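**Student:** Just one file: upload_25.cif, with mmCIF, C-alpha atoms.
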data_run
#
loop_
_atom_site.label_atom_id
_atom_site.label_comp_id
_atom_site.auth_asym_id
_atom_site.auth_seq_id
_atom_site.Cartn_x
_atom_site.Cartn_y
_atom_site.Cartn_z
CA MET A 7 21.04 -118.58 69.76
CA SER A 8 21.94 -119.48 73.31
CA ALA A 9 18.77 -119.39 75.35
CA ARG A 10 18.87 -119.48 79.09
CA PRO A 11 16.24 -118.64 81.68
CA VAL A 12 16.75 -115.46 83.67
CA THR A 13 17.32 -115.26 87.37
CA PRO A 14 16.46 -112.31 89.60
CA ALA A 15 20.15 -111.47 89.93
CA GLN A 16 20.43 -110.79 86.20
CA VAL A 17 17.66 -108.25 86.03
CA SER A 18 17.53 -104.96 87.82
CA ILE A 19 14.03 -103.69 88.33
CA PRO A 20 12.90 -101.12 90.87
CA ASP A 21 11.62 -102.74 94.02
CA ASP A 22 8.31 -101.04 94.62
CA PRO A 23 6.22 -102.42 91.77
CA ALA A 24 6.97 -105.92 92.91
CA LEU A 25 4.66 -105.50 95.85
CA ARG A 26 1.61 -104.44 93.90
CA PRO A 27 -0.97 -106.89 92.69
CA LEU A 28 -1.02 -107.64 88.99
CA PRO A 29 -3.54 -105.84 86.85
CA ARG A 30 -5.60 -108.39 84.96
CA ASP A 31 -7.33 -108.06 81.66
CA GLU A 32 -10.65 -109.40 80.54
CA GLY A 33 -9.50 -110.17 77.05
CA GLY A 34 -10.95 -106.97 75.71
CA PRO A 35 -9.81 -105.26 72.55
CA VAL A 36 -6.09 -105.10 72.15
CA PHE A 37 -6.23 -101.41 71.38
CA GLN A 38 -8.32 -99.28 73.68
CA GLU A 39 -8.40 -96.36 71.27
CA PRO A 40 -7.65 -95.94 67.58
CA TRP A 41 -4.58 -93.76 68.16
CA GLN A 42 -2.92 -96.67 69.93
CA ALA A 43 -3.32 -98.81 66.83
CA GLN A 44 -2.00 -95.98 64.66
CA ALA A 45 1.06 -95.53 66.85
CA PHE A 46 1.71 -99.24 66.82
CA ALA A 47 1.40 -99.50 63.05
CA LEU A 48 3.59 -96.44 62.43
CA THR A 49 6.35 -97.98 64.49
CA VAL A 50 6.20 -101.32 62.73
CA ARG A 51 6.26 -99.64 59.32
CA LEU A 52 9.25 -97.46 60.20
CA ILE A 53 11.14 -100.53 61.36
CA GLU A 54 10.23 -102.38 58.20
CA ALA A 55 11.41 -99.40 56.19
CA GLY A 56 14.76 -99.69 57.92
CA VAL A 57 14.50 -96.31 59.64
CA PHE A 58 15.36 -97.95 62.92
CA THR A 59 15.68 -101.51 64.23
CA TRP A 60 13.69 -103.56 66.68
CA ALA A 61 16.60 -103.31 69.06
CA ASP A 62 16.56 -99.49 68.78
CA TRP A 63 12.86 -99.60 69.46
CA ALA A 64 13.05 -101.92 72.46
CA THR A 65 15.74 -99.72 73.97
CA ALA A 66 13.80 -96.52 73.36
CA LEU A 67 10.55 -97.89 74.76
CA GLY A 68 12.31 -99.42 77.74
CA ALA A 69 13.99 -96.10 78.51
CA GLU A 70 10.70 -94.24 78.24
CA ILE A 71 8.99 -96.67 80.60
CA ARG A 72 11.80 -96.46 83.13
CA ALA A 73 11.76 -92.67 82.98
CA ALA A 74 8.01 -92.65 83.55
CA GLN A 75 8.37 -95.03 86.48
CA ALA A 76 11.03 -92.80 87.95
CA ALA A 77 8.62 -89.89 87.59
CA GLY A 78 5.95 -91.75 89.53
CA ASP A 79 3.94 -93.60 86.89
CA PRO A 80 2.70 -96.81 88.53
CA ASP A 81 3.11 -98.38 85.07
CA LEU A 82 0.18 -100.75 85.26
CA GLY A 83 0.04 -101.21 81.52
CA ASP A 84 -2.71 -98.68 80.87
CA THR A 85 -0.16 -95.96 80.16
CA TYR A 86 1.83 -98.25 77.91
CA TYR A 87 0.83 -96.59 74.65
CA ARG A 88 1.44 -93.16 76.13
CA HIS A 89 5.03 -94.28 76.64
CA TRP A 90 4.97 -95.82 73.21
CA VAL A 91 4.11 -92.48 71.56
CA ALA A 92 6.72 -90.62 73.58
CA ALA A 93 9.38 -93.19 72.62
CA LEU A 94 8.38 -92.95 68.97
CA GLU A 95 8.62 -89.15 68.98
CA ARG A 96 12.00 -89.32 70.63
CA LEU A 97 13.36 -91.91 68.23
CA VAL A 98 12.04 -90.10 65.17
CA ALA A 99 13.76 -86.94 66.40
CA ARG A 100 16.98 -88.77 67.20
CA LYS A 101 17.02 -90.22 63.70
CA ARG A 102 16.47 -86.67 62.42
CA LEU A 103 13.35 -87.54 60.50
CA LEU A 104 11.29 -84.88 62.23
CA SER A 105 12.17 -82.20 64.72
CA PRO A 106 10.33 -81.78 68.02
CA ASP A 107 9.24 -78.34 66.80
CA GLN A 108 7.75 -79.82 63.69
CA MET A 109 5.84 -82.38 65.68
CA SER A 110 4.45 -79.93 68.21
CA ALA A 111 3.49 -77.44 65.49
CA ARG A 112 1.67 -80.16 63.61
CA THR A 113 -0.09 -81.35 66.76
CA ALA A 114 -1.32 -77.80 67.34
CA ALA A 115 -2.42 -77.57 63.70
CA TRP A 116 -4.53 -80.70 64.09
CA ALA A 117 -6.11 -79.34 67.25
CA ARG A 118 -6.97 -76.16 65.37
CA ALA A 119 -8.38 -78.14 62.47
CA TYR A 120 -10.65 -80.10 64.78
CA ARG A 121 -11.82 -76.98 66.51
CA GLU A 122 -12.48 -75.01 63.36
CA THR A 123 -13.81 -77.55 60.92
CA PRO A 124 -17.58 -77.27 60.91
CA HIS A 125 -19.66 -80.24 61.95
CA GLY A 126 -20.41 -82.65 59.18
CA ARG A 127 -17.23 -81.99 57.24
CA PRO A 128 -14.18 -84.22 57.38
CA VAL A 129 -11.39 -82.74 59.45
CA SER A 130 -8.34 -81.96 57.40
CA LEU A 131 -5.44 -79.61 57.73
CA ARG A 132 -5.96 -76.42 55.80
CA PRO A 133 -3.03 -75.49 53.58
CA GLU A 134 -1.85 -72.76 55.93
CA ALA A 135 -2.23 -75.04 58.92
CA GLY A 136 -0.19 -77.70 57.18
CA GLN A 137 2.53 -75.21 56.46
CA ALA A 138 2.79 -74.32 60.08
CA GLY A 139 4.37 -77.69 60.54
CA THR A 140 6.31 -78.21 57.34
CA GLY A 141 6.74 -74.87 55.66
CA ARG A 142 10.06 -74.00 57.19
CA PRO A 143 12.64 -76.27 55.65
CA GLY A 144 15.41 -74.80 57.75
CA ALA A 145 13.63 -75.85 60.90
CA SER A 146 13.30 -79.48 59.94
CA HIS A 147 16.56 -80.81 61.19
CA PRO A 148 18.41 -78.87 63.85
CA GLY A 149 15.79 -79.40 66.53
CA ALA A 150 16.72 -82.92 67.47
CA ASP A 151 19.23 -81.86 70.11
CA ASP A 152 17.10 -82.25 73.17
CA ALA A 153 16.18 -85.76 72.12
CA ASP A 154 19.84 -86.66 71.85
CA ALA A 155 20.49 -85.43 75.33
CA SER A 156 18.75 -88.38 76.93
CA MET B 29 -14.23 -90.65 69.75
CA SER B 30 -14.23 -88.43 72.75
CA ASP B 31 -11.64 -88.49 75.43
CA HIS B 32 -12.88 -86.74 78.47
CA ASP B 33 -10.19 -88.29 80.59
CA HIS B 34 -7.29 -86.75 78.79
CA PRO B 35 -5.91 -83.26 78.91
CA HIS B 36 -6.28 -81.38 75.68
CA PRO B 37 -3.36 -79.73 74.00
CA GLU B 38 -2.23 -76.24 74.76
CA HIS B 39 -5.66 -74.74 74.12
CA SER B 40 -7.71 -75.26 77.18
CA ASP B 41 -11.01 -75.37 75.35
CA PRO B 42 -13.30 -78.11 76.42
CA GLY B 43 -13.20 -81.12 74.16
CA HIS B 44 -16.03 -79.78 72.15
CA SER B 45 -16.27 -76.32 70.67
CA ASP B 46 -19.35 -74.59 69.37
CA SER B 47 -18.48 -74.65 65.73
CA GLY B 48 -16.05 -77.50 65.40
CA HIS B 49 -15.61 -81.19 66.01
CA ASP B 50 -14.82 -82.95 69.21
CA ILE B 51 -11.16 -82.41 69.78
CA PRO B 52 -9.30 -85.69 70.20
CA SER B 53 -7.02 -86.31 73.14
CA GLU B 54 -3.55 -84.84 73.17
CA LEU B 55 -2.08 -88.26 72.44
CA ALA B 56 -4.40 -88.83 69.52
CA LEU B 57 -3.37 -85.47 68.09
CA ARG B 58 0.32 -86.23 68.57
CA VAL B 59 -0.12 -89.51 66.72
CA LYS B 60 -2.00 -87.75 63.92
CA ALA B 61 0.86 -85.27 63.71
CA LEU B 62 3.44 -88.05 63.48
CA GLU B 63 1.44 -89.94 60.93
CA SER B 64 0.70 -86.97 58.67
CA LEU B 65 4.31 -85.78 58.74
CA LEU B 66 5.75 -89.24 58.08
CA VAL B 67 3.28 -89.83 55.25
CA GLU B 68 4.30 -86.51 53.69
CA LYS B 69 7.92 -87.58 53.90
CA GLY B 70 7.04 -90.76 52.05
CA LEU B 71 8.22 -92.92 54.95
CA VAL B 72 4.90 -94.61 55.52
CA ASP B 73 1.97 -95.43 53.32
CA PRO B 74 -1.45 -94.88 54.92
CA ALA B 75 -2.93 -97.92 53.19
CA ALA B 76 -0.15 -100.10 54.58
CA LEU B 77 -0.85 -98.75 58.06
CA ASP B 78 -4.51 -99.67 57.78
CA ALA B 79 -3.68 -103.13 56.49
CA LEU B 80 -1.28 -103.68 59.36
CA ILE B 81 -3.81 -102.63 61.97
CA ASP B 82 -6.47 -104.81 60.43
CA MET B 83 -4.13 -107.77 60.46
CA TYR B 84 -3.16 -107.44 64.10
CA GLU B 85 -6.72 -106.79 65.21
CA HIS B 86 -8.43 -109.50 63.23
CA LYS B 87 -6.11 -112.01 61.68
CA VAL B 88 -3.33 -112.76 64.09
CA GLY B 89 -3.71 -113.49 67.70
CA PRO B 90 -3.55 -116.35 70.14
CA ARG B 91 -5.31 -118.65 67.65
CA ASN B 92 -2.14 -118.79 65.58
CA GLY B 93 -0.13 -119.91 68.56
CA ALA B 94 -2.82 -122.41 69.52
CA ARG B 95 -2.53 -124.03 66.10
CA VAL B 96 1.21 -124.34 66.54
CA VAL B 97 0.77 -125.98 69.93
CA ALA B 98 -1.94 -128.36 68.73
CA ARG B 99 0.21 -129.42 65.80
CA ALA B 100 3.12 -130.13 68.14
CA TRP B 101 0.84 -132.24 70.36
CA CYS B 102 -0.29 -134.32 67.39
CA ASP B 103 2.87 -134.60 65.36
CA PRO B 104 6.07 -135.65 67.20
CA ALA B 105 8.27 -134.76 64.24
CA TYR B 106 6.78 -131.26 64.13
CA ARG B 107 7.30 -130.94 67.87
CA GLN B 108 10.97 -131.76 67.44
CA ARG B 109 11.37 -129.20 64.67
CA LEU B 110 9.51 -126.64 66.75
CA LEU B 111 11.80 -127.10 69.73
CA ALA B 112 14.91 -127.12 67.53
CA ASP B 113 14.04 -124.03 65.46
CA GLY B 114 10.91 -122.23 66.56
CA SER B 115 10.92 -119.57 63.83
CA ALA B 116 11.18 -122.11 61.01
CA ALA B 117 8.60 -124.50 62.42
CA ILE B 118 6.14 -121.66 63.07
CA ALA B 119 6.71 -120.36 59.55
CA GLU B 120 5.76 -123.82 58.25
CA LEU B 121 2.21 -123.02 59.35
CA GLY B 122 2.35 -119.69 57.58
CA PHE B 123 2.99 -117.47 60.61
CA THR B 124 6.02 -115.37 59.96
CA GLY B 125 7.38 -112.65 62.13
CA ARG B 126 7.71 -109.14 60.88
CA GLN B 127 10.19 -108.38 63.57
CA GLY B 128 13.02 -110.60 62.48
CA ALA B 129 13.20 -111.84 66.04
CA ASP B 130 14.06 -115.46 66.67
CA MET B 131 11.25 -117.49 68.13
CA VAL B 132 12.32 -119.95 70.77
CA VAL B 133 9.78 -122.49 71.98
CA VAL B 134 10.22 -123.83 75.50
CA GLU B 135 8.44 -127.00 76.50
CA ASN B 136 6.65 -127.70 79.76
CA THR B 137 7.17 -131.14 81.23
CA ASP B 138 6.29 -132.95 84.44
CA THR B 139 9.34 -131.38 86.05
CA VAL B 140 9.73 -128.00 84.33
CA HIS B 141 7.25 -125.15 83.92
CA ASN B 142 8.18 -122.21 81.69
CA MET B 143 6.99 -118.62 81.93
CA VAL B 144 7.69 -115.68 79.63
CA VAL B 145 8.23 -112.04 80.51
CA CYS B 146 9.91 -109.01 79.02
CA THR B 147 11.62 -107.14 81.79
CA LEU B 148 12.87 -104.36 79.52
CA CYS B 149 9.68 -103.25 77.83
CA SER B 150 7.09 -105.69 76.57
CA CYS B 151 8.59 -107.72 73.75
CA TYR B 152 6.02 -110.29 72.76
CA PRO B 153 5.68 -112.91 70.02
CA TRP B 154 3.11 -110.94 68.00
CA PRO B 155 2.89 -113.29 65.02
CA VAL B 156 1.64 -116.14 67.18
CA LEU B 157 -0.04 -114.39 70.10
CA GLY B 158 -1.28 -111.10 68.68
CA LEU B 159 -0.81 -108.08 70.90
CA PRO B 160 0.05 -108.41 74.55
CA PRO B 161 -2.56 -108.21 77.31
CA VAL B 162 -2.45 -105.23 79.65
CA TRP B 163 -1.01 -107.13 82.57
CA TYR B 164 1.90 -108.38 80.48
CA LYS B 165 2.92 -104.77 79.91
CA SER B 166 2.64 -103.81 83.56
CA ALA B 167 5.54 -103.21 85.91
CA PRO B 168 4.24 -105.61 88.58
CA TYR B 169 4.23 -108.51 86.15
CA ARG B 170 7.59 -107.59 84.66
CA ALA B 171 9.17 -107.41 88.08
CA ARG B 172 7.41 -110.20 89.88
CA ALA B 173 7.56 -112.80 87.14
CA VAL B 174 11.29 -112.90 87.71
CA ARG B 175 11.36 -112.45 91.45
CA ASP B 176 8.36 -114.47 92.52
CA PRO B 177 7.11 -116.59 89.64
CA ARG B 178 5.31 -119.01 91.92
CA GLY B 179 3.37 -116.18 93.51
CA VAL B 180 2.45 -114.79 90.10
CA LEU B 181 1.26 -118.20 88.96
CA ARG B 182 -0.87 -118.50 92.06
CA GLU B 183 -2.56 -115.19 91.19
CA PHE B 184 -3.37 -116.65 87.82
CA GLY B 185 -4.85 -119.67 89.56
CA VAL B 186 -2.01 -122.03 88.79
CA GLU B 187 -0.63 -124.01 91.69
CA LEU B 188 2.36 -126.18 90.81
CA PRO B 189 3.93 -128.89 92.94
CA GLU B 190 7.00 -127.68 94.82
CA ASP B 191 9.26 -130.04 92.92
CA VAL B 192 8.38 -128.52 89.55
CA GLU B 193 11.14 -126.18 88.49
CA ILE B 194 9.94 -122.83 87.16
CA ARG B 195 12.02 -121.24 84.42
CA VAL B 196 11.42 -117.64 83.50
CA TRP B 197 12.41 -116.46 80.03
CA ASP B 198 13.14 -112.82 79.36
CA SER B 199 12.11 -111.79 75.84
CA THR B 200 14.19 -109.25 73.99
CA ALA B 201 14.13 -107.53 70.63
CA GLU B 202 16.15 -110.47 69.29
CA VAL B 203 14.55 -113.49 70.96
CA ARG B 204 10.90 -114.08 71.78
CA TYR B 205 9.67 -117.08 73.66
CA LEU B 206 6.56 -119.19 73.33
CA VAL B 207 5.63 -121.82 75.87
CA LEU B 208 4.62 -125.25 74.62
CA PRO B 209 2.23 -126.36 77.35
CA GLN B 210 1.65 -129.99 78.25
CA ARG B 211 -1.15 -131.75 76.46
CA PRO B 212 -3.98 -132.19 78.95
CA PRO B 213 -4.88 -135.72 79.99
CA GLY B 214 -8.05 -137.19 78.55
CA THR B 215 -7.51 -135.67 75.11
CA GLU B 216 -6.52 -138.85 73.32
CA GLY B 217 -8.29 -139.10 70.01
CA MET B 218 -9.16 -135.42 69.79
CA SER B 219 -8.56 -133.73 66.45
CA GLU B 220 -5.98 -131.01 66.00
CA ASP B 221 -8.74 -128.40 65.75
CA GLU B 222 -10.37 -129.61 68.94
CA LEU B 223 -7.02 -129.55 70.68
CA ALA B 224 -6.32 -126.01 69.48
CA ASP B 225 -9.51 -124.92 71.24
CA LEU B 226 -8.00 -126.02 74.54
CA VAL B 227 -4.91 -123.86 74.13
CA THR B 228 -5.26 -120.50 75.83
CA ARG B 229 -3.16 -117.41 75.35
CA ASP B 230 -2.13 -117.53 78.99
CA SER B 231 -0.95 -121.12 78.65
CA MET B 232 1.42 -120.02 75.88
CA ILE B 233 2.83 -117.23 78.04
CA GLY B 234 3.17 -119.77 80.82
CA VAL B 235 0.84 -118.16 83.35
CA GLY B 236 -1.96 -120.62 82.70
CA LEU B 237 -2.60 -124.20 81.73
CA PRO B 238 -4.58 -125.43 78.74
CA ARG B 239 -8.27 -126.01 79.34
CA ALA B 240 -9.35 -129.49 80.29
CA PRO B 241 -11.43 -131.20 77.64
CA GLY B 242 -15.07 -130.49 78.30
CA ALA B 243 -14.38 -127.07 79.84
CA LYS B 244 -15.70 -125.06 76.95
CA SER B 245 -13.92 -122.14 75.43
CA THR B 246 -15.61 -119.18 76.97
CA SER B 247 -12.37 -117.91 78.35
CA ALA B 248 -11.13 -114.48 77.48
CA GLY B 249 -7.97 -113.88 75.63
CA THR B 250 -8.15 -116.61 73.09
CA GLY B 251 -9.84 -114.43 70.55
CA PRO B 252 -12.11 -115.35 67.69
#
Could you take the file, read its structure, and then write that structure out as structure tokens?
**Tutor:**
Amino acid sequence: MSARPVTPAQVSIPDDPALRPLPRDEGGPVFQEPWQAQAFALTVRLIEAGVFTWADWATALGAEIRAAQAAGDPDLGDTYYRHWVAALERLVARKRLLSPDQMSARTAAWARAYRETPHGRPVSLRPEAGQAGTGRPGASHPGADDADAS
Amino acid sequence: MSDHDHPHPEHSDPGHSDSGHDIPSELALRVKALESLLVEKGLVDPAALDALIDMYEHKVGPRNGARVVARAWCDPAYRQRLLADGSAAIAELGFTGRQGADMVVVENTDTVHNMVVCTLCSCYPWPVLGLPPVWYKSAPYRARAVRDPRGVLREFGVELPEDVEIRVWDSTAEVRYLVLPQRPPGTEGMSEDELADLVTRDSMIGVGLPRAPGAKSTSAGTGP
């Protein structure tokens, strides 16, 4: 493995962020919210299962971060896991594991489940809600097109 | 948990409805959707997810890296193995990467100071340092570490003599770097455990120096 330090000339990074001060951390918890830990763990497991590689992942996450920067995200690290989730959705669609439709239907089903499950009972998808996301086998695969377009 | 800061998905209900539970943030729901669908497909096992989270939150972290550094300070043969083949030498202590990335250890000397960044995203040596701090993931650090490393170091309170060369290492999916900081003066005779207490996370990223002996470990970022 040939290792060599980088020089500014080798790396192209947009100019603006360079002028901002660095956000610092106080050594708080590594995950600010449980969903961040879930997204992290899902990604690691999918890589370990051979669904995609670390290189695929680094490329996808890097692209997501650059796109967000281009869209005006100051990218101070606090939106990192937002980009992480978006990159994971995109990669999962590109690998044709899940379609964007499936993911958005399931997201809506979970929102419904939270809204409609009475207090004091564990929130779970009702059978019909679950089927909203998975019950249409024909819809599972063709929807990955928009993810491929990037 | 409640997330009043985040927009809720398509339904514009407030986060709490009369009959139901607090509705998690849109991102939390998207992650739940991913997880439930991938579990149904048999691609992930929920128990394995929990175990993984527990490990990264509680078992790995900068203490692993600190043990590697302290061993290298105490054992010249280990130090040589560490610099020759970081992954293998780190694995000797039981810390193995899940990522299959090569670990390269770069050594600070009187004339060279090393700093690590990932300009592409935020590749980080998880098995030895845990998960990256917020600033490591930020655009200003990613950009400025390369362009103005001396200025970045100054913001972290590290002032190096002008004649010390600063080398910046760009981590990738294939290669992750760990800085081997210099052993602080006045630590002769300290045990490996005592030395490990002086090694901070930041010193292994190269934006800090190890604590001086006597400066007690109250610092953030070194974890339990």
**Student:** Carefully work through the PyMOL selection byres ((chain B) within 6 of (chain A)) for this structure and note down the residues it includes, as a PyMOL selection string.
**Tutor:** chain B and resi 47-49+51+56-58+61+77+148-149+162-163+165-168+171-172+174-175+195-197+201+248-249
**Student:** Just say which residues the PyMOL selection byres ((chain B and resi 237) around 9) picks in this file, as a PyMOL selection string.
**Tutor:** chain B and resi 186+209-210+212+227-228+230-232+234-236+238-240
**Student:** Keeping only C-alpha atoms, write the selected residues to a file as a short mmCIF file (atom, residue, chain, number, x, y, z; two decimals), in the frame of the given file.
**Tutor:**
data_model
loop_
_atom_site.label_atom_id
_atom_site.label_comp_id
_atom_site.auth_asym_id
_atom_site.auth_seq_id
_atom_site.Cartn_x
_atom_site.Cartn_y
_atom_site.Cartn_z
CA VAL B 186 -2.01 -122.03 88.79
CA PRO B 209 2.23 -126.36 77.35
CA GLN B 210 1.65 -129.99 78.25
CA PRO B 212 -3.98 -132.19 78.95
CA VAL B 227 -4.91 -123.86 74.13
CA THR B 228 -5.26 -120.50 75.83
CA ASP B 230 -2.13 -117.53 78.99
CA SER B 231 -0.95 -121.12 78.65
CA MET B 232 1.42 -120.02 75.88
CA GLY B 234 3.17 -119.77 80.82
CA VAL B 235 0.84 -118.16 83.35
CA GLY B 236 -1.96 -120.62 82.70
CA PRO B 238 -4.58 -125.43 78.74
CA ARG B 239 -8.27 -126.01 79.34
CA ALA B 240 -9.35 -129.49 80.29
#
**Student:** For a quick check of your reading of the model, name the residues lying within 9 Å of the coordinate (12.8, -125.0, 75.1), counting all atoms listed in the file, and write them as a short mmCIF file (atom, residue, chain, number, x, y, z; two decimals) with C-alpha atoms, keeping the file's coordinate frame.
**Tutor:**
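Saved as part.cif:
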data_model
loop_
_atom_site.label_atom_id
_atom_site.label_comp_id
_atom_site.auth_asym_id
_atom_site.auth_seq_id
_atom_site.Cartn_x
_atom_site.Cartn_y
_atom_site.Cartn_z
CA ALA A 9 18.77 -119.39 75.35
CA LEU B 111 11.80 -127.10 69.73
CA ALA B 112 14.91 -127.12 67.53
CA VAL B 132 12.32 -119.95 70.77
CA VAL B 133 9.78 -122.49 71.98
CA VAL B 134 10.22 -123.83 75.50
CA GLU B 135 8.44 -127.00 76.50
CA ASN B 136 6.65 -127.70 79.76
CA ASN B 142 8.18 -122.21 81.69
CA TYR B 205 9.67 -117.08 73.66
CA LEU B 206 6.56 -119.19 73.33
CA VAL B 207 5.63 -121.82 75.87
CA LEU B 208 4.62 -125.25 74.62
#
**Student:** Can you tell me which residues surround Tyr164 of chain B at a distance of at most 8 Å, considering all atoms listed in the file, apart from same-chain residues fewer than 3 positions away, and format the answer as a ChimeraX atom specification?
**Tutor:** /A:83 /B:145,150,160-161,169-170
**Student:** Atom CA of Val192 of chain B to atom CA of Thr137 of chain B: how many Å, to one decimal?
**Tutor:**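 Distance reported for this atom pair: 8.8 Å.
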**Student:** Translate the PyMOL selection byres ((chain B and resi 92) around 12), as applied to the file shown, into an explicit residue set as an MDAnalysis selection string.
**Tutor:** chainID B and resid 84 86:91 93:99 118:125 153:158 206 221 224:225 227:229 232 250:252
**Student:** Report, in Å to a single decimal, how far apart atom CA of Ala76 of chain A and atom CA of Val144 of chain B are.
**Tutor:**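 Computing the Euclidean distance for atom CA of Val144 of chain B and atom CA of Ala76 of chain A yields 24.6 Å.
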**Student:** May I ask for the distance between atom CA of Thr147 of chain B and atom CA of Glu202 of chain B, given in Å to one decimal place?
**Tutor:**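 Going from atom CA of Thr147 of chain B over to atom CA of Glu202 of chain B covers 13.7 Å.
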**Student:** Name the closest residue to Thr139 of chain B among the candidates B:Met83, B:Val72, B:Ile194, B:Leu181; distances are taken between atoms, counting all atoms listed in the file.
**Tutor:**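 Looking only at the distances to Thr139 of chain B, the closest residue turns out to be B:Ile194.
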**Student:** Pull N, CA, C and O atoms for segment 91-105 of chain B from the block and write them as a PDB file, in the first residue's frame.
**Tutor:**
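Saved file part_36.pdb follows:
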ATOM      1  N   ARG B  91     -10.254   4.563  23.466  1.00  0.00           N
ATOM      2  CA  ARG B  91      -9.417   3.802  24.407  1.00  0.00           C
ATOM      3  C   ARG B  91      -8.664   2.698  23.694  1.00  0.00           C
ATOM      4  O   ARG B  91      -7.550   2.356  24.061  1.00  0.00           O
ATOM      5  N   ASN B  92      -9.265   2.108  22.684  1.00  0.00           N
ATOM      6  CA  ASN B  92      -8.551   1.077  21.931  1.00  0.00           C
ATOM      7  C   ASN B  92      -7.289   1.658  21.300  1.00  0.00           C
ATOM      8  O   ASN B  92      -6.203   1.086  21.391  1.00  0.00           O
ATOM      9  N   GLY B  93      -7.451   2.777  20.644  1.00  0.00           N
ATOM     10  CA  GLY B  93      -6.302   3.415  20.006  1.00  0.00           C
ATOM     11  C   GLY B  93      -5.248   3.801  21.028  1.00  0.00           C
ATOM     12  O   GLY B  93      -4.041   3.667  20.791  1.00  0.00           O
ATOM     13  N   ALA B  94      -5.707   4.270  22.188  1.00  0.00           N
ATOM     14  CA  ALA B  94      -4.764   4.694  23.233  1.00  0.00           C
ATOM     15  C   ALA B  94      -3.925   3.508  23.699  1.00  0.00           C
ATOM     16  O   ALA B  94      -2.730   3.657  24.005  1.00  0.00           O
ATOM     17  N   ARG B  95      -4.530   2.330  23.746  1.00  0.00           N
ATOM     18  CA  ARG B  95      -3.757   1.154  24.159  1.00  0.00           C
ATOM     19  C   ARG B  95      -2.702   0.798  23.112  1.00  0.00           C
ATOM     20  O   ARG B  95      -1.585   0.402  23.451  1.00  0.00           O
ATOM     21  N   VAL B  96      -3.066   0.969  21.860  1.00  0.00           N
ATOM     22  CA  VAL B  96      -2.100   0.717  20.782  1.00  0.00           C
ATOM     23  C   VAL B  96      -0.911   1.673  20.916  1.00  0.00           C
ATOM     24  O   VAL B  96       0.262   1.263  20.854  1.00  0.00           O
ATOM     25  N   VAL B  97      -1.216   2.944  21.116  1.00  0.00           N
ATOM     26  CA  VAL B  97      -0.158   3.946  21.219  1.00  0.00           C
ATOM     27  C   VAL B  97       0.736   3.677  22.428  1.00  0.00           C
ATOM     28  O   VAL B  97       1.973   3.703  22.344  1.00  0.00           O
ATOM     29  N   ALA B  98       0.114   3.387  23.566  1.00  0.00           N
ATOM     30  CA  ALA B  98       0.895   3.155  24.785  1.00  0.00           C
ATOM     31  C   ALA B  98       1.800   1.935  24.617  1.00  0.00           C
ATOM     32  O   ALA B  98       2.959   1.946  25.054  1.00  0.00           O
ATOM     33  N   ARG B  99       1.281   0.908  23.961  1.00  0.00           N
ATOM     34  CA  ARG B  99       2.113  -0.273  23.724  1.00  0.00           C
ATOM     35  C   ARG B  99       3.323   0.096  22.855  1.00  0.00           C
ATOM     36  O   ARG B  99       4.455  -0.311  23.131  1.00  0.00           O
ATOM     37  N   ALA B 100       3.073   0.889  21.837  1.00  0.00           N
ATOM     38  CA  ALA B 100       4.175   1.283  20.940  1.00  0.00           C
ATOM     39  C   ALA B 100       5.217   2.120  21.682  1.00  0.00           C
ATOM     40  O   ALA B 100       6.409   2.043  21.389  1.00  0.00           O
ATOM     41  N   TRP B 101       4.764   2.925  22.642  1.00  0.00           N
ATOM     42  CA  TRP B 101       5.710   3.742  23.420  1.00  0.00           C
ATOM     43  C   TRP B 101       6.590   2.862  24.304  1.00  0.00           C
ATOM     44  O   TRP B 101       7.724   3.201  24.610  1.00  0.00           O
ATOM     45  N   CYS B 102       6.024   1.751  24.774  1.00  0.00           N
ATOM     46  CA  CYS B 102       6.729   0.909  25.742  1.00  0.00           C
ATOM     47  C   CYS B 102       7.559  -0.186  25.083  1.00  0.00           C
ATOM     48  O   CYS B 102       8.505  -0.683  25.679  1.00  0.00           O
ATOM     49  N   ASP B 103       7.168  -0.584  23.902  1.00  0.00           N
ATOM     50  CA  ASP B 103       7.733  -1.785  23.310  1.00  0.00           C
ATOM     51  C   ASP B 103       8.245  -1.461  21.899  1.00  0.00           C
ATOM     52  O   ASP B 103       7.469  -1.406  20.946  1.00  0.00           O
ATOM     53  N   PRO B 104       9.560  -1.243  21.776  1.00  0.00           N
ATOM     54  CA  PRO B 104      10.125  -0.821  20.475  1.00  0.00           C
ATOM     55  C   PRO B 104       9.841  -1.824  19.354  1.00  0.00           C
ATOM     56  O   PRO B 104       9.623  -1.409  18.210  1.00  0.00           O
ATOM     57  N   ALA B 105       9.817  -3.100  19.695  1.00  0.00           N
ATOM     58  CA  ALA B 105       9.557  -4.091  18.642  1.00  0.00           C
ATOM     59  C   ALA B 105       8.112  -3.960  18.150  1.00  0.00           C
ATOM     60  O   ALA B 105       7.835  -4.069  16.949  1.00  0.00           O
TER      61      ALA B 105
END
